[in-house]
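Data first, discussion second: the structure below is written as structure tokens.
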Amino acid sequence: MTRPQGSAARELGLKRGEFDLAVRLGWIRTVAAPDGGLRRVPREEIDRIREAEGFPDALREQVRVVGTAQGASIMDIPSSRFTRLARAGLLRPAKFYVNRYRTVVWLYLAEELREFARSEVHAPLLTGRAPAEIRVRIAAGEDLRPRTWRARHAGYLLGQCGDPWERAAAITTFLDADLLAEMVESPHERTHLLRLRPHESWYGAPDSPTAQVVERILVADGPDEVSWLRTNLLMSLDKARRLRPAPPLTAQRPALNGPRTPENPTRPENFTIPAPAEPARSRWGRLLGRRG
């Protein structure tokens, strides 16, 4: 027996945004719907969570997200240092939104920030002069927040995949459309991959300003990240082709060009987008390989 996600959220005492984040973080298990619609939550999963110690407050605290100012307060550091740590890839966003000025606002898990601040390993990062690696990254204008968010998002998408075709489709979430067309020459296969991309409409209506901003965050831009994605796409495609060929083209064809939409989105087997190089004296990079 399964429950729709909206009903499950109410039973767990979560707002819909909190519920969605808990699912993306792997804390609430979902299963494919029999009709192929929105994934559902098993009854036993709801019961397991409700019976856990500290429910519901502990669950709400797990999914509590904060912005830069509140995050800096939690870590007892200036907001400017918090931003530098995040831009250097040491603090990984859990989610983001685009405000009315089309500016990306990054949000972080409060519990992860507390864990970071409590670690003796990270103490040198919170006071005094930042390590040279971080200073170099900031001076070069690097901002790894989109990349560290993609690493978390990839973990979620990959966790929903059932076969190599789905995994290959999920990987294409993070690839530019022109690169995908170059790598997958067969129109049959490209169409099949596009149709298998997970249905996600959280980033706004097609062609909206919000969707265009999100598109830039979704697509990998670092040479090593793109190389990793290319390699994993080719490996997944090789497995998929040996499993079964892509079905023939039909009348309806999702476009490869233009922004992704809920009808034409993209998303990935067990692969993880490589984390940025870890600065000396920091172990935060270990979290980048954790399932999101």
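Residue numbers start at 1 in each chain; chains themselves are named A, B, ... in the order of the structure tokens; ligands are numbered from 1 in the order shown.
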
_Selection near Asp143 (chain A), 10 Å with only C-alpha atoms, sequence-local residues under 3 positions removed, as a ChimeraX atom specification_ = /A:83-89,137-138,140,146-148

For those residues, write N, CA, C and O atoms to a file as a PDB file, in the first residue's frame.
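Result file follows (selection.pdb):
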```pdb
ATOM      1  N   THR A  83      30.269  33.145   2.907  1.00  0.00           N
ATOM      2  CA  THR A  83      30.143  33.173   1.450  1.00  0.00           C
ATOM      3  C   THR A  83      31.409  32.658   0.786  1.00  0.00           C
ATOM      4  O   THR A  83      31.351  31.900  -0.195  1.00  0.00           O
ATOM      5  N   ARG A  84      32.571  33.036   1.313  1.00  0.00           N
ATOM      6  CA  ARG A  84      33.827  32.557   0.723  1.00  0.00           C
ATOM      7  C   ARG A  84      33.938  31.044   0.840  1.00  0.00           C
ATOM      8  O   ARG A  84      34.374  30.373  -0.103  1.00  0.00           O
ATOM      9  N   LEU A  85      33.559  30.495   1.986  1.00  0.00           N
ATOM     10  CA  LEU A  85      33.618  29.041   2.162  1.00  0.00           C
ATOM     11  C   LEU A  85      32.677  28.333   1.196  1.00  0.00           C
ATOM     12  O   LEU A  85      33.008  27.279   0.631  1.00  0.00           O
ATOM     13  N   ALA A  86      31.492  28.917   1.001  1.00  0.00           N
ATOM     14  CA  ALA A  86      30.520  28.305   0.098  1.00  0.00           C
ATOM     15  C   ALA A  86      30.997  28.396  -1.348  1.00  0.00           C
ATOM     16  O   ALA A  86      30.913  27.429  -2.111  1.00  0.00           O
ATOM     17  N   ARG A  87      31.516  29.550  -1.734  1.00  0.00           N
ATOM     18  CA  ARG A  87      32.001  29.715  -3.100  1.00  0.00           C
ATOM     19  C   ARG A  87      33.194  28.804  -3.384  1.00  0.00           C
ATOM     20  O   ARG A  87      33.402  28.366  -4.524  1.00  0.00           O
ATOM     21  N   ALA A  88      33.965  28.505  -2.358  1.00  0.00           N
ATOM     22  CA  ALA A  88      35.124  27.626  -2.523  1.00  0.00           C
ATOM     23  C   ALA A  88      34.729  26.150  -2.527  1.00  0.00           C
ATOM     24  O   ALA A  88      35.583  25.279  -2.695  1.00  0.00           O
ATOM     25  N   GLY A  89      33.450  25.834  -2.349  1.00  0.00           N
ATOM     26  CA  GLY A  89      32.988  24.453  -2.424  1.00  0.00           C
ATOM     27  C   GLY A  89      32.994  23.712  -1.109  1.00  0.00           C
ATOM     28  O   GLY A  89      32.804  22.493  -1.083  1.00  0.00           O
ATOM     29  N   ARG A 137      41.125  30.327  -5.267  1.00  0.00           N
ATOM     30  CA  ARG A 137      39.834  30.111  -5.913  1.00  0.00           C
ATOM     31  C   ARG A 137      39.003  31.393  -5.919  1.00  0.00           C
ATOM     32  O   ARG A 137      38.394  31.756  -6.938  1.00  0.00           O
ATOM     33  N   ILE A 138      38.961  32.074  -4.783  1.00  0.00           N
ATOM     34  CA  ILE A 138      38.172  33.294  -4.702  1.00  0.00           C
ATOM     35  C   ILE A 138      38.754  34.366  -5.612  1.00  0.00           C
ATOM     36  O   ILE A 138      38.021  35.069  -6.324  1.00  0.00           O
ATOM     37  N   ALA A 140      40.309  33.984  -8.296  1.00  0.00           N
ATOM     38  CA  ALA A 140      40.042  33.627  -9.689  1.00  0.00           C
ATOM     39  C   ALA A 140      38.567  33.787 -10.054  1.00  0.00           C
ATOM     40  O   ALA A 140      38.177  33.562 -11.202  1.00  0.00           O
ATOM     41  N   PRO A 146      27.064  26.149  -7.580  1.00  0.00           N
ATOM     42  CA  PRO A 146      26.264  25.352  -8.526  1.00  0.00           C
ATOM     43  C   PRO A 146      26.772  23.921  -8.667  1.00  0.00           C
ATOM     44  O   PRO A 146      25.992  22.966  -8.703  1.00  0.00           O
ATOM     45  N   ARG A 147      28.080  23.753  -8.704  1.00  0.00           N
ATOM     46  CA  ARG A 147      28.653  22.413  -8.885  1.00  0.00           C
ATOM     47  C   ARG A 147      28.396  21.531  -7.669  1.00  0.00           C
ATOM     48  O   ARG A 147      28.051  20.347  -7.816  1.00  0.00           O
ATOM     49  N   THR A 148      28.552  22.073  -6.476  1.00  0.00           N
ATOM     50  CA  THR A 148      28.310  21.244  -5.289  1.00  0.00           C
ATOM     51  C   THR A 148      26.826  20.917  -5.151  1.00  0.00           C
ATOM     52  O   THR A 148      26.467  19.833  -4.684  1.00  0.00           O
TER      53      THR A 148
END
```

*From the DSSP assignment of the backbone, select every residue of region 57-286 of chain A that is alpha helix (DSSP H), and format the answer as a PyMOL selection string.*
chain A and resi 57-62+68-75+79-87+110-118+123-126+132-139+145-159+164-171+177-183+187-196+209-218+223-243

_Separation of CA of Arg241 (chain A) from CA of His188 (chain A) in Å_ = 11.9 Å

Could you give me, as a PDB file with all heavy atoms, in the first residue's frame, the residues within 10 Å of Glu111 (chain A), counting only C-alpha atoms and dropping anything in the same chain fewer than 6 positions from it?
```pdb
ATOM      1  N   GLU A  61      13.760  19.392  11.948  1.00  0.00           N
ATOM      2  CA  GLU A  61      15.079  19.998  12.107  1.00  0.00           C
ATOM      3  C   GLU A  61      16.049  19.459  11.065  1.00  0.00           C
ATOM      4  O   GLU A  61      16.939  20.176  10.599  1.00  0.00           O
ATOM      5  CB  GLU A  61      15.616  19.727  13.510  1.00  0.00           C
ATOM      6  CG  GLU A  61      16.932  20.425  13.836  1.00  0.00           C
ATOM      7  CD  GLU A  61      16.864  21.930  13.671  1.00  0.00           C
ATOM      8  OE1 GLU A  61      15.773  22.525  13.840  1.00  0.00           O
ATOM      9  OE2 GLU A  61      17.914  22.545  13.375  1.00  0.00           O
ATOM     10  N   GLN A  62      15.884  18.199  10.680  1.00  0.00           N
ATOM     11  CA  GLN A  62      16.758  17.607   9.657  1.00  0.00           C
ATOM     12  C   GLN A  62      16.657  18.331   8.332  1.00  0.00           C
ATOM     13  O   GLN A  62      17.634  18.426   7.590  1.00  0.00           O
ATOM     14  CB  GLN A  62      16.400  16.132   9.440  1.00  0.00           C
ATOM     15  CG  GLN A  62      17.085  15.170  10.397  1.00  0.00           C
ATOM     16  CD  GLN A  62      16.837  13.744   9.967  1.00  0.00           C
ATOM     17  OE1 GLN A  62      15.696  13.323   9.764  1.00  0.00           O
ATOM     18  NE2 GLN A  62      17.899  12.984   9.789  1.00  0.00           N
ATOM     19  N   VAL A  63      15.466  18.839   8.015  1.00  0.00           N
ATOM     20  CA  VAL A  63      15.255  19.477   6.709  1.00  0.00           C
ATOM     21  C   VAL A  63      15.224  20.999   6.812  1.00  0.00           C
ATOM     22  O   VAL A  63      14.894  21.674   5.835  1.00  0.00           O
ATOM     23  CB  VAL A  63      13.952  18.968   6.048  1.00  0.00           C
ATOM     24  CG1 VAL A  63      14.058  17.487   5.730  1.00  0.00           C
ATOM     25  CG2 VAL A  63      12.741  19.239   6.924  1.00  0.00           C
ATOM     26  N   ARG A  64      15.594  21.548   7.939  1.00  0.00           N
ATOM     27  CA  ARG A  64      15.587  23.006   8.081  1.00  0.00           C
ATOM     28  C   ARG A  64      16.743  23.605   7.293  1.00  0.00           C
ATOM     29  O   ARG A  64      17.898  23.197   7.463  1.00  0.00           O
ATOM     30  CB  ARG A  64      15.694  23.414   9.549  1.00  0.00           C
ATOM     31  CG  ARG A  64      15.541  24.928   9.757  1.00  0.00           C
ATOM     32  CD  ARG A  64      15.292  25.256  11.211  1.00  0.00           C
ATOM     33  NE  ARG A  64      16.500  25.173  12.013  1.00  0.00           N
ATOM     34  CZ  ARG A  64      17.324  26.210  12.210  1.00  0.00           C
ATOM     35  NH1 ARG A  64      17.064  27.387  11.672  1.00  0.00           N
ATOM     36  NH2 ARG A  64      18.388  26.064  12.973  1.00  0.00           N
ATOM     37  N   VAL A  65      16.423  24.547   6.442  1.00  0.00           N
ATOM     38  CA  VAL A  65      17.438  25.203   5.630  1.00  0.00           C
ATOM     39  C   VAL A  65      17.528  26.676   6.003  1.00  0.00           C
ATOM     40  O   VAL A  65      16.548  27.276   6.453  1.00  0.00           O
ATOM     41  CB  VAL A  65      17.144  25.059   4.116  1.00  0.00           C
ATOM     42  CG1 VAL A  65      17.300  23.616   3.673  1.00  0.00           C
ATOM     43  CG2 VAL A  65      15.757  25.575   3.776  1.00  0.00           C
ATOM     44  N   VAL A  66      18.710  27.235   5.820  1.00  0.00           N
ATOM     45  CA  VAL A  66      18.949  28.629   6.171  1.00  0.00           C
ATOM     46  C   VAL A  66      19.742  29.294   5.053  1.00  0.00           C
ATOM     47  O   VAL A  66      20.429  28.636   4.269  1.00  0.00           O
ATOM     48  CB  VAL A  66      19.724  28.753   7.504  1.00  0.00           C
ATOM     49  CG1 VAL A  66      18.908  28.185   8.655  1.00  0.00           C
ATOM     50  CG2 VAL A  66      21.073  28.044   7.420  1.00  0.00           C
ATOM     51  N   GLY A  71      23.009  31.173   8.346  1.00  0.00           N
ATOM     52  CA  GLY A  71      24.048  30.143   8.353  1.00  0.00           C
ATOM     53  C   GLY A  71      25.317  30.644   9.011  1.00  0.00           C
ATOM     54  O   GLY A  71      25.959  29.929   9.785  1.00  0.00           O
ATOM     55  N   ILE A  74      24.825  30.603  12.731  1.00  0.00           N
ATOM     56  CA  ILE A  74      24.935  29.249  13.283  1.00  0.00           C
ATOM     57  C   ILE A  74      26.398  28.863  13.465  1.00  0.00           C
ATOM     58  O   ILE A  74      26.775  28.245  14.462  1.00  0.00           O
ATOM     59  CB  ILE A  74      24.221  28.239  12.356  1.00  0.00           C
ATOM     60  CG1 ILE A  74      22.695  28.412  12.452  1.00  0.00           C
ATOM     61  CG2 ILE A  74      24.612  26.795  12.700  1.00  0.00           C
ATOM     62  CD1 ILE A  74      21.923  27.568  11.467  1.00  0.00           C
ATOM     63  N   ALA A 117      30.895  23.276  11.758  1.00  0.00           N
ATOM     64  CA  ALA A 117      31.475  24.183  12.750  1.00  0.00           C
ATOM     65  C   ALA A 117      32.007  23.445  13.963  1.00  0.00           C
ATOM     66  O   ALA A 117      32.964  23.902  14.604  1.00  0.00           O
ATOM     67  CB  ALA A 117      30.433  25.216  13.180  1.00  0.00           C
TER      68      ALA A 117
END
```

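Our summary of the geometry notes that CA of Leu113 (chain A) is positioned 19.8 Å from CA of Val23 (chain A).
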